[in-house]
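Below is run.pdb, which holds PDB, C-alpha atoms and all ligand atoms.
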```
ATOM      1  CA  MET A 387      18.600  -0.327  24.511  1.00  0.00           C
ATOM      2  CA  ALA A 388      15.116   0.902  25.415  1.00  0.00           C
ATOM      3  CA  LYS A 389      13.393  -0.619  28.414  1.00  0.00           C
ATOM      4  CA  LYS A 390      10.992  -3.511  27.972  1.00  0.00           C
ATOM      5  CA  ALA A 391       7.888  -1.488  28.929  1.00  0.00           C
ATOM      6  CA  SER A 392       8.695   1.119  26.336  1.00  0.00           C
ATOM      7  CA  ASP A 393       9.307  -1.597  23.691  1.00  0.00           C
ATOM      8  CA  SER A 394       5.784  -2.896  24.147  1.00  0.00           C
ATOM      9  CA  ALA A 395       4.333   0.635  24.206  1.00  0.00           C
ATOM     10  CA  GLN A 396       6.105   1.315  20.913  1.00  0.00           C
ATOM     11  CA  LEU A 397       4.748  -1.915  19.425  1.00  0.00           C
ATOM     12  CA  THR A 398       1.238  -0.853  20.464  1.00  0.00           C
ATOM     13  CA  GLU A 399       1.861   2.510  18.794  1.00  0.00           C
ATOM     14  CA  LEU A 400       2.970   0.724  15.614  1.00  0.00           C
ATOM     15  CA  LEU A 401      -0.225  -1.355  15.630  1.00  0.00           C
ATOM     16  CA  TYR A 402      -2.447   1.731  16.097  1.00  0.00           C
ATOM     17  CA  GLN A 403      -0.663   3.430  13.230  1.00  0.00           C
ATOM     18  CA  ALA A 404      -0.923   0.292  11.095  1.00  0.00           C
ATOM     19  CA  LEU A 405      -4.681   0.072  11.687  1.00  0.00           C
ATOM     20  CA  GLU A 406      -5.142   3.758  10.893  1.00  0.00           C
ATOM     21  CA  THR A 407      -3.032   3.346   7.730  1.00  0.00           C
ATOM     22  CA  GLU A 408      -5.326   0.566   6.495  1.00  0.00           C
ATOM     23  CA  ILE A 409      -8.437   2.654   7.301  1.00  0.00           C
ATOM     24  CA  GLY A 410      -6.967   5.605   5.359  1.00  0.00           C
ATOM     25  CA  GLY A 411      -5.866   3.229   2.589  1.00  0.00           C
ATOM     26  CA  ILE A 412      -9.443   2.030   2.090  1.00  0.00           C
ATOM     27  CA  GLN A 413     -10.570   5.632   1.595  1.00  0.00           C
ATOM     28  CA  VAL A 414      -7.654   6.416  -0.715  1.00  0.00           C
ATOM     29  CA  TYR A 415      -8.533   3.409  -2.918  1.00  0.00           C
ATOM     30  CA  GLU A 416     -12.255   4.271  -2.887  1.00  0.00           C
ATOM     31  CA  SER A 417     -11.325   7.678  -4.327  1.00  0.00           C
ATOM     32  CA  ALA A 418      -8.566   6.384  -6.622  1.00  0.00           C
ATOM     33  CA  VAL A 419     -10.854   3.810  -8.278  1.00  0.00           C
ATOM     34  CA  GLN A 420     -13.065   6.677  -9.470  1.00  0.00           C
ATOM     35  CA  CYS A 421     -10.064   8.367 -11.125  1.00  0.00           C
ATOM     36  CA  ALA A 422      -8.636   5.347 -12.956  1.00  0.00           C
ATOM     37  CA  VAL A 423      -8.980   5.883 -16.704  1.00  0.00           C
ATOM     38  CA  ASN A 424      -6.938   2.833 -17.695  1.00  0.00           C
ATOM     39  CA  GLU A 425      -9.168  -0.245 -17.387  1.00  0.00           C
ATOM     40  CA  ASP A 426      -6.365  -2.507 -16.066  1.00  0.00           C
ATOM     41  CA  LEU A 427      -5.465   0.065 -13.433  1.00  0.00           C
ATOM     42  CA  ARG A 428      -9.095   0.360 -12.319  1.00  0.00           C
ATOM     43  CA  LYS A 429      -9.304  -3.427 -11.869  1.00  0.00           C
ATOM     44  CA  GLU A 430      -6.007  -3.366  -9.964  1.00  0.00           C
ATOM     45  CA  PHE A 431      -7.219  -0.619  -7.607  1.00  0.00           C
ATOM     46  CA  GLU A 432     -10.495  -2.493  -7.042  1.00  0.00           C
ATOM     47  CA  GLU A 433      -8.555  -5.644  -6.136  1.00  0.00           C
ATOM     48  CA  TYR A 434      -6.214  -3.728  -3.807  1.00  0.00           C
ATOM     49  CA  LEU A 435      -9.208  -2.025  -2.186  1.00  0.00           C
ATOM     50  CA  GLU A 436     -10.679  -5.437  -1.313  1.00  0.00           C
ATOM     51  CA  GLN A 437      -7.311  -6.660  -0.006  1.00  0.00           C
ATOM     52  CA  THR A 438      -6.885  -3.501   2.081  1.00  0.00           C
ATOM     53  CA  ARG A 439     -10.338  -4.022   3.607  1.00  0.00           C
ATOM     54  CA  ASN A 440      -9.156  -7.513   4.519  1.00  0.00           C
ATOM     55  CA  HIS A 441      -5.906  -6.181   6.042  1.00  0.00           C
ATOM     56  CA  ARG A 442      -8.023  -3.997   8.328  1.00  0.00           C
ATOM     57  CA  ARG A 443     -10.019  -7.065   9.378  1.00  0.00           C
ATOM     58  CA  ILE A 444      -6.801  -9.022  10.019  1.00  0.00           C
ATOM     59  CA  LEU A 445      -5.468  -6.198  12.208  1.00  0.00           C
ATOM     60  CA  LEU A 446      -8.728  -6.051  14.149  1.00  0.00           C
ATOM     61  CA  GLN A 447      -8.243  -9.757  14.917  1.00  0.00           C
ATOM     62  CA  VAL A 448      -4.711  -8.969  16.124  1.00  0.00           C
ATOM     63  CA  PHE A 449      -6.126  -6.255  18.396  1.00  0.00           C
ATOM     64  CA  GLU A 450      -8.630  -8.712  19.804  1.00  0.00           C
ATOM     65  CA  SER A 451      -5.997 -11.399  20.406  1.00  0.00           C
ATOM     66  CA  LEU A 452      -3.695  -8.921  22.156  1.00  0.00           C
ATOM     67  CA  GLY A 453      -6.499  -7.311  24.174  1.00  0.00           C
ATOM     68  CA  LEU A 454      -6.051  -3.873  22.559  1.00  0.00           C
ATOM     69  CA  ASP A 455      -8.870  -1.375  22.005  1.00  0.00           C
ATOM     70  CA  PRO A 456      -8.960  -0.500  18.280  1.00  0.00           C
ATOM     71  CA  GLU A 457     -10.564   2.876  19.073  1.00  0.00           C
ATOM     72  CA  THR A 458      -7.700   4.139  21.227  1.00  0.00           C
ATOM     73  CA  GLN A 459      -6.107   7.289  19.822  1.00  0.00           C
ATOM     74  CA  SER A 460      -2.485   8.404  20.032  1.00  0.00           C
ATOM     75  CA  PRO A 461      -0.736  11.485  18.661  1.00  0.00           C
ATOM     76  CA  GLY A 462       1.034   9.304  16.090  1.00  0.00           C
ATOM     77  CA  ARG A 463      -2.201   7.683  15.028  1.00  0.00           C
ATOM     78  CA  GLN A 464      -3.797  11.104  14.565  1.00  0.00           C
ATOM     79  CA  VAL A 465      -0.954  12.106  12.266  1.00  0.00           C
ATOM     80  CA  VAL A 466      -1.529   8.992  10.163  1.00  0.00           C
ATOM     81  CA  ALA A 467      -5.261   9.802   9.982  1.00  0.00           C
ATOM     82  CA  HIS A 468      -4.452  13.375   8.980  1.00  0.00           C
ATOM     83  CA  LEU A 469      -2.145  12.216   6.195  1.00  0.00           C
ATOM     84  CA  GLY A 470      -4.764   9.751   4.952  1.00  0.00           C
ATOM     85  CA  GLN A 471      -7.442  12.458   4.827  1.00  0.00           C
ATOM     86  CA  SER A 472      -5.014  14.753   3.020  1.00  0.00           C
ATOM     87  CA  LEU A 473      -4.394  12.131   0.347  1.00  0.00           C
ATOM     88  CA  VAL A 474      -8.144  11.643  -0.148  1.00  0.00           C
ATOM     89  CA  GLN A 475      -8.626  15.417  -0.432  1.00  0.00           C
ATOM     90  CA  ALA A 476      -5.759  15.657  -2.922  1.00  0.00           C
ATOM     91  CA  ILE A 477      -7.415  13.049  -5.144  1.00  0.00           C
ATOM     92  CA  GLN A 478     -10.779  14.841  -4.907  1.00  0.00           C
ATOM     93  CA  LEU A 479      -9.130  18.164  -5.735  1.00  0.00           C
ATOM     94  CA  ALA A 480      -7.531  16.657  -8.849  1.00  0.00           C
ATOM     95  CA  ARG A 481     -10.838  15.090  -9.863  1.00  0.00           C
ATOM     96  CA  GLN A 482     -12.638  18.431  -9.641  1.00  0.00           C
ATOM     97  CA  SER A 483     -10.095  20.012 -11.984  1.00  0.00           C
ATOM     98  CA  GLY A 484     -11.775  18.173 -14.842  1.00  0.00           C
ATOM     99  CA  ASP A 485      -8.664  16.633 -16.440  1.00  0.00           C
ATOM    100  CA  PRO A 486      -9.145  12.846 -16.144  1.00  0.00           C
ATOM    101  CA  ALA A 487      -5.561  11.951 -17.119  1.00  0.00           C
ATOM    102  CA  ALA A 488      -4.126  14.381 -14.565  1.00  0.00           C
ATOM    103  CA  ALA A 489      -6.495  13.092 -11.872  1.00  0.00           C
ATOM    104  CA  GLU A 490      -5.456   9.508 -12.653  1.00  0.00           C
ATOM    105  CA  LEU A 491      -1.806  10.471 -12.118  1.00  0.00           C
ATOM    106  CA  VAL A 492      -2.567  12.165  -8.801  1.00  0.00           C
ATOM    107  CA  ALA A 493      -4.569   9.144  -7.659  1.00  0.00           C
ATOM    108  CA  ALA A 494      -1.709   6.782  -8.561  1.00  0.00           C
ATOM    109  CA  GLU A 495       0.810   8.974  -6.709  1.00  0.00           C
ATOM    110  CA  CYS A 496      -1.408   9.130  -3.629  1.00  0.00           C
ATOM    111  CA  VAL A 497      -1.716   5.333  -3.653  1.00  0.00           C
ATOM    112  CA  VAL A 498       2.107   5.066  -3.697  1.00  0.00           C
ATOM    113  CA  LEU A 499       2.377   7.488  -0.762  1.00  0.00           C
ATOM    114  CA  ALA A 500      -0.237   5.573   1.248  1.00  0.00           C
ATOM    115  CA  GLU A 501       1.296   2.195   0.399  1.00  0.00           C
ATOM    116  CA  THR A 502       4.804   3.351   1.345  1.00  0.00           C
ATOM    117  CA  LYS A 503       3.708   3.785   4.964  1.00  0.00           C
ATOM    118  CA  ASP A 504       1.562   0.638   4.839  1.00  0.00           C
ATOM    119  CA  HIS A 505       4.486  -1.400   3.508  1.00  0.00           C
ATOM    120  CA  MET A 506       6.835  -0.133   6.210  1.00  0.00           C
ATOM    121  CA  ASN A 507       4.304  -0.851   8.979  1.00  0.00           C
ATOM    122  CA  TRP A 508       4.048  -4.475   7.905  1.00  0.00           C
ATOM    123  CA  GLU A 509       7.800  -4.792   7.423  1.00  0.00           C
ATOM    124  CA  LEU A 510       8.193  -3.659  11.048  1.00  0.00           C
ATOM    125  CA  ILE A 511       5.419  -5.962  12.257  1.00  0.00           C
ATOM    126  CA  GLY A 512       7.335  -8.750  10.497  1.00  0.00           C
ATOM    127  CA  GLN A 513      10.572  -7.747  12.254  1.00  0.00           C
ATOM    128  CA  VAL A 514       8.892  -7.973  15.667  1.00  0.00           C
ATOM    129  CA  ALA A 515       7.230 -11.276  14.738  1.00  0.00           C
ATOM    130  CA  LYS A 516      10.535 -12.779  13.541  1.00  0.00           C
ATOM    131  CA  SER A 517      12.364 -11.623  16.683  1.00  0.00           C
ATOM    132  CA  GLY A 518      10.051 -13.946  18.606  1.00  0.00           C
ATOM    133  CA  LYS A 519       9.978 -11.448  21.447  1.00  0.00           C
ATOM    134  CA  GLY A 520       6.980 -11.494  23.775  1.00  0.00           C
ATOM    135  CA  ASP A 521       3.656 -13.304  23.636  1.00  0.00           C
ATOM    136  CA  SER A 522       2.528 -11.223  20.700  1.00  0.00           C
ATOM    137  CA  ALA A 523       5.115 -12.662  18.272  1.00  0.00           C
ATOM    138  CA  ASN A 524       2.963 -15.635  17.189  1.00  0.00           C
ATOM    139  CA  VAL A 525      -0.138 -13.504  16.706  1.00  0.00           C
ATOM    140  CA  LEU A 526       1.848 -10.990  14.666  1.00  0.00           C
ATOM    141  CA  MET A 527       3.498 -13.694  12.547  1.00  0.00           C
ATOM    142  CA  GLU A 528       0.144 -15.191  11.625  1.00  0.00           C
ATOM    143  CA  ALA A 529      -1.129 -11.783  10.495  1.00  0.00           C
ATOM    144  CA  TYR A 530       2.117 -10.893   8.719  1.00  0.00           C
ATOM    145  CA  GLU A 531       2.149 -14.086   6.675  1.00  0.00           C
ATOM    146  CA  GLN A 532      -1.353 -13.374   5.376  1.00  0.00           C
ATOM    147  CA  VAL A 533      -0.545  -9.816   4.352  1.00  0.00           C
ATOM    148  CA  GLU A 534       3.119  -9.396   3.382  1.00  0.00           C
ATOM    149  CA  ASP A 535       2.982 -10.563  -0.262  1.00  0.00           C
ATOM    150  CA  GLN A 536      -0.001  -8.323  -0.952  1.00  0.00           C
ATOM    151  CA  GLU A 537       1.707  -5.323   0.632  1.00  0.00           C
ATOM    152  CA  ASP A 538       4.760  -5.895  -1.584  1.00  0.00           C
ATOM    153  CA  GLU A 539       2.541  -6.042  -4.641  1.00  0.00           C
ATOM    154  CA  HIS A 540       0.550  -2.940  -3.643  1.00  0.00           C
ATOM    155  CA  LEU A 541       3.698  -0.834  -3.326  1.00  0.00           C
ATOM    156  CA  TYR A 542       5.857  -2.089  -6.198  1.00  0.00           C
ATOM    157  CA  HIS A 543       3.053  -2.382  -8.745  1.00  0.00           C
ATOM    158  CA  SER A 544       1.583   1.028  -7.862  1.00  0.00           C
ATOM    159  CA  LYS A 545       5.016   2.588  -8.276  1.00  0.00           C
ATOM    160  CA  GLY A 546       5.329   0.944 -11.688  1.00  0.00           C
ATOM    161  CA  TRP A 547       1.896   2.187 -12.754  1.00  0.00           C
ATOM    162  CA  THR A 548       2.681   5.733 -11.624  1.00  0.00           C
ATOM    163  CA  ARG A 549       6.020   5.816 -13.453  1.00  0.00           C
ATOM    164  CA  GLU A 550       4.595   4.449 -16.718  1.00  0.00           C
ATOM    165  CA  LEU A 551       1.523   6.721 -16.624  1.00  0.00           C
ATOM    166  CA  TRP A 552       3.847   9.696 -16.163  1.00  0.00           C
ATOM    167  CA  ILE A 553       6.086   8.502 -19.045  1.00  0.00           C
ATOM    168  CA  ASP A 554       2.982   8.127 -21.217  1.00  0.00           C
ATOM    169  CA  ALA A 555       1.817  11.640 -20.231  1.00  0.00           C
ATOM    170  CA  LEU A 556       5.230  12.973 -21.251  1.00  0.00           C
ATOM    171  CA  GLY A 557       4.669  11.546 -24.730  1.00  0.00           C
ATOM    172  CA  LEU A 558       7.382   8.894 -24.349  1.00  0.00           C
ATOM    173  CA  PRO A 559       6.926   5.158 -25.026  1.00  0.00           C
ATOM    174  CA  ALA A 560       5.344   3.593 -21.937  1.00  0.00           C
ATOM    175  CA  VAL A 561       5.006  -0.042 -20.850  1.00  0.00           C
ATOM    176  CA  LEU A 562       1.366  -0.459 -19.795  1.00  0.00           C
ATOM    177  CA  PRO A 563       0.544  -2.479 -17.774  1.00  0.00           C
ATOM    178  CA  PRO A 564       3.956  -1.831 -16.144  1.00  0.00           C
ATOM    179  CA  PRO A 565       6.763  -4.441 -16.073  1.00  0.00           C
ATOM    180  CA  GLU A 566       6.261  -4.881 -12.308  1.00  0.00           C
ATOM    181  CA  GLU A 567       2.719  -6.064 -13.059  1.00  0.00           C
ATOM    182  CA  VAL A 568       3.602  -8.305 -15.992  1.00  0.00           C
ATOM    183  CA  LYS A 569       6.475  -9.921 -14.071  1.00  0.00           C
ATOM    184  CA  HIS A 570       4.408 -10.324 -10.862  1.00  0.00           C
ATOM    185  CA  VAL A 571       7.037  -8.504  -8.799  1.00  0.00           C
ATOM    186  CA  GLU A 572       6.929  -9.068  -5.032  1.00  0.00           C
ATOM    187  CA  THR A 573      10.367  -7.889  -3.893  1.00  0.00           C
ATOM    188  CA  ALA A 574      12.385  -4.659  -4.008  1.00  0.00           C
ATOM    189  CA  ILE A 575      15.093  -6.339  -6.083  1.00  0.00           C
ATOM    190  CA  GLY A 576      12.442  -7.740  -8.437  1.00  0.00           C
ATOM    191  CA  ALA A 577      11.024  -4.238  -8.853  1.00  0.00           C
ATOM    192  CA  ALA A 578      14.480  -2.887  -9.711  1.00  0.00           C
ATOM    193  CA  ARG A 579      14.968  -5.685 -12.284  1.00  0.00           C
ATOM    194  CA  ALA A 580      11.519  -5.081 -13.763  1.00  0.00           C
ATOM    195  CA  GLU A 581      12.224  -1.379 -14.172  1.00  0.00           C
ATOM    196  CA  GLN A 582      15.556  -2.209 -15.807  1.00  0.00           C
ATOM    197  CA  SER A 583      13.850  -4.541 -18.264  1.00  0.00           C
ATOM    198  CA  ARG A 584      11.415  -1.913 -19.575  1.00  0.00           C
ATOM    199  CA  ASP A 585      13.663  -0.994 -22.565  1.00  0.00           C
ATOM    200  CA  ASP A 586      13.706  -4.651 -23.685  1.00  0.00           C
ATOM    201  CA  MET A 587       9.942  -4.878 -23.232  1.00  0.00           C
ATOM    202  CA  LEU A 588       9.483  -1.759 -25.372  1.00  0.00           C
ATOM    203  CA  LYS A 589      11.712  -3.188 -28.129  1.00  0.00           C
ATOM    204  CA  LYS A 590       9.644  -6.374 -28.221  1.00  0.00           C
ATOM    205  CA  LYS A 591       6.449  -4.344 -28.497  1.00  0.00           C
ATOM    206  CA  HIS A 592       7.595  -2.257 -31.472  1.00  0.00           C
TER     207      HIS A 592
HETATM  208 FE    FE B   1      -2.547  -2.977   3.453  1.00  0.00          FE
END
```

Translate this file's structure into structure tokens.
Ligand SMILES: [Fe+2]
Amino acid sequence: MAKKASDSAQLTELLYQALETEIGGIQVYESAVQCAVNEDLRKEFEEYLEQTRNHRRILLQVFESLGLDPETQSPGRQVVAHLGQSLVQAIQLARQSGDPAAAELVAAECVVLAETKDHMNWELIGQVAKSGKGDSANVLMEAYEQVEDQEDEHLYHSKGWTRELWIDALGLPAVLPPPEEVKHVETAIGAARAEQSRDDMLKKKH
């Protein structure tokens, strides 16, 4: 078992990384929106961009409640910022190549990468909140409850979009919008079921 002081230092580190992930996520979505060829995907990215901006605001409120300085840097936070910038650059690189379908795929993949970290941050924030440990638990729970469903959607739906766009690019029958979207998936098991159901959805379509 780690000591109490180090537990709270690690929670602070998680919160810095979570804030930086949301900041990077905003930039990733701002770039990804410009690459979306599919109209439904563009609307989805625009909606997730707004929600991500709100997640940043919610985290800033958490920082205020816990008396943390949102500008404080840490080595881990700098890594998160570096990864976020790299994802934005990757999307811009793909956009400059002049193949809109390829750029759309890169943008979707970069969203999945960004949302994977985002999703884990909030899962961990939820774990701390549910443990009820320390004064911060209530503050964290309030934030977590506002954000968790959206984080699930951002990850599972983006994954579905990326898979189906790739399948479409390979010249195979794709389900667009993806089953995760149509079935309003918000859990890992729901995402697995949605992916399994894609053959049935294709049969109904044709
Ligand atoms: Fe988020």

Could you tell me, as a PDB file with C-alpha atoms, keeping the file's coordinate frame, which residues have any atom at most 12 Å from (-7.8, 13.8, -14.5), counting all atoms listed in the file?
```
ATOM      1  CA  ALA A 418      -8.566   6.384  -6.622  1.00  0.00           C
ATOM      2  CA  GLN A 420     -13.065   6.677  -9.470  1.00  0.00           C
ATOM      3  CA  CYS A 421     -10.064   8.367 -11.125  1.00  0.00           C
ATOM      4  CA  ALA A 422      -8.636   5.347 -12.956  1.00  0.00           C
ATOM      5  CA  VAL A 423      -8.980   5.883 -16.704  1.00  0.00           C
ATOM      6  CA  ASN A 424      -6.938   2.833 -17.695  1.00  0.00           C
ATOM      7  CA  ALA A 476      -5.759  15.657  -2.922  1.00  0.00           C
ATOM      8  CA  ILE A 477      -7.415  13.049  -5.144  1.00  0.00           C
ATOM      9  CA  GLN A 478     -10.779  14.841  -4.907  1.00  0.00           C
ATOM     10  CA  LEU A 479      -9.130  18.164  -5.735  1.00  0.00           C
ATOM     11  CA  ALA A 480      -7.531  16.657  -8.849  1.00  0.00           C
ATOM     12  CA  ARG A 481     -10.838  15.090  -9.863  1.00  0.00           C
ATOM     13  CA  GLN A 482     -12.638  18.431  -9.641  1.00  0.00           C
ATOM     14  CA  SER A 483     -10.095  20.012 -11.984  1.00  0.00           C
ATOM     15  CA  GLY A 484     -11.775  18.173 -14.842  1.00  0.00           C
ATOM     16  CA  ASP A 485      -8.664  16.633 -16.440  1.00  0.00           C
ATOM     17  CA  PRO A 486      -9.145  12.846 -16.144  1.00  0.00           C
ATOM     18  CA  ALA A 487      -5.561  11.951 -17.119  1.00  0.00           C
ATOM     19  CA  ALA A 488      -4.126  14.381 -14.565  1.00  0.00           C
ATOM     20  CA  ALA A 489      -6.495  13.092 -11.872  1.00  0.00           C
ATOM     21  CA  GLU A 490      -5.456   9.508 -12.653  1.00  0.00           C
ATOM     22  CA  LEU A 491      -1.806  10.471 -12.118  1.00  0.00           C
ATOM     23  CA  VAL A 492      -2.567  12.165  -8.801  1.00  0.00           C
ATOM     24  CA  ALA A 493      -4.569   9.144  -7.659  1.00  0.00           C
ATOM     25  CA  ALA A 494      -1.709   6.782  -8.561  1.00  0.00           C
ATOM     26  CA  LEU A 551       1.523   6.721 -16.624  1.00  0.00           C
ATOM     27  CA  ALA A 555       1.817  11.640 -20.231  1.00  0.00           C
TER      28      ALA A 555
END
```

Hits from the PyMOL selection byres (((not hetatm)) within 8 of (chain B and resi 1)), listed as number ranges by chain: A: 407-408, 411, 437-439, 441-442, 501, 504-505, 533, 536-537, 540

Close residues, A:Thr398 itself excluded, 12 Å, only C-alpha atoms, min 2 positions apart in chain, as JSON, numbers by chain: {"A": [391, 392, 393, 394, 395, 396, 400, 401, 402, 403, 404, 405, 445, 448, 449, 452, 453, 454, 455, 456, 458, 459, 460, 462, 463, 507, 511, 514, 522, 526]}

The PyMOL selection byres (((chain A and resi 580) around 10) and not hetatm) applied to the shown file, residues as JSON, numbers by chain: {"A": [542, 546, 564, 565, 566, 567, 568, 569, 570, 571, 574, 575, 576, 577, 578, 579, 581, 582, 583, 584, 585, 587]}

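Taking atom CA of A:Arg428 and atom CA of A:Gln475 as the two end points, the separation is 19.2 Å.
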
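In terms of minimum interatomic distance to A:Met506, A:Asp538 ranks closest within A:Glu433, A:Glu416, A:Asp426, A:Asp538, counting all atoms listed in the file.
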
Å distance separating atom CA of A:Gly410 from atom CA of A:Glu531, one decimal place: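 Straight-line distance from atom CA of A:Gly410 to atom CA of A:Glu531 works out to 21.7 Å.
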
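Here atom CA of A:Lys503 and atom CA of A:Glu457 stand 20.1 Å from one another.
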
Hits from the PyMOL selection byres (((chain A and resi 414) around 9) and not hetatm), listed as a ChimeraX atom specification: /A:409-413,415-419,435,470-471,473-474,477,493,496-497,500

Kindly export the residues of the current selection with C-alpha atoms, as an mmCIF file, keeping the file's coordinate frame.
```
data_model
loop_
_atom_site.group_PDB
_atom_site.id
_atom_site.type_symbol
_atom_site.label_atom_id
_atom_site.label_comp_id
_atom_site.auth_asym_id
_atom_site.auth_seq_id
_atom_site.Cartn_x
_atom_site.Cartn_y
_atom_site.Cartn_z
ATOM 1 C CA ILE A 409 -8.437 2.654 7.301
ATOM 2 C CA GLY A 410 -6.967 5.605 5.359
ATOM 3 C CA GLY A 411 -5.866 3.229 2.589
ATOM 4 C CA ILE A 412 -9.443 2.030 2.090
ATOM 5 C CA GLN A 413 -10.570 5.632 1.595
ATOM 6 C CA TYR A 415 -8.533 3.409 -2.918
ATOM 7 C CA GLU A 416 -12.255 4.271 -2.887
ATOM 8 C CA SER A 417 -11.325 7.678 -4.327
ATOM 9 C CA ALA A 418 -8.566 6.384 -6.622
ATOM 10 C CA VAL A 419 -10.854 3.810 -8.278
ATOM 11 C CA LEU A 435 -9.208 -2.025 -2.186
ATOM 12 C CA GLY A 470 -4.764 9.751 4.952
ATOM 13 C CA GLN A 471 -7.442 12.458 4.827
ATOM 14 C CA LEU A 473 -4.394 12.131 0.347
ATOM 15 C CA VAL A 474 -8.144 11.643 -0.148
ATOM 16 C CA ILE A 477 -7.415 13.049 -5.144
ATOM 17 C CA ALA A 493 -4.569 9.144 -7.659
ATOM 18 C CA CYS A 496 -1.408 9.130 -3.629
ATOM 19 C CA VAL A 497 -1.716 5.333 -3.653
ATOM 20 C CA ALA A 500 -0.237 5.573 1.248
#
```
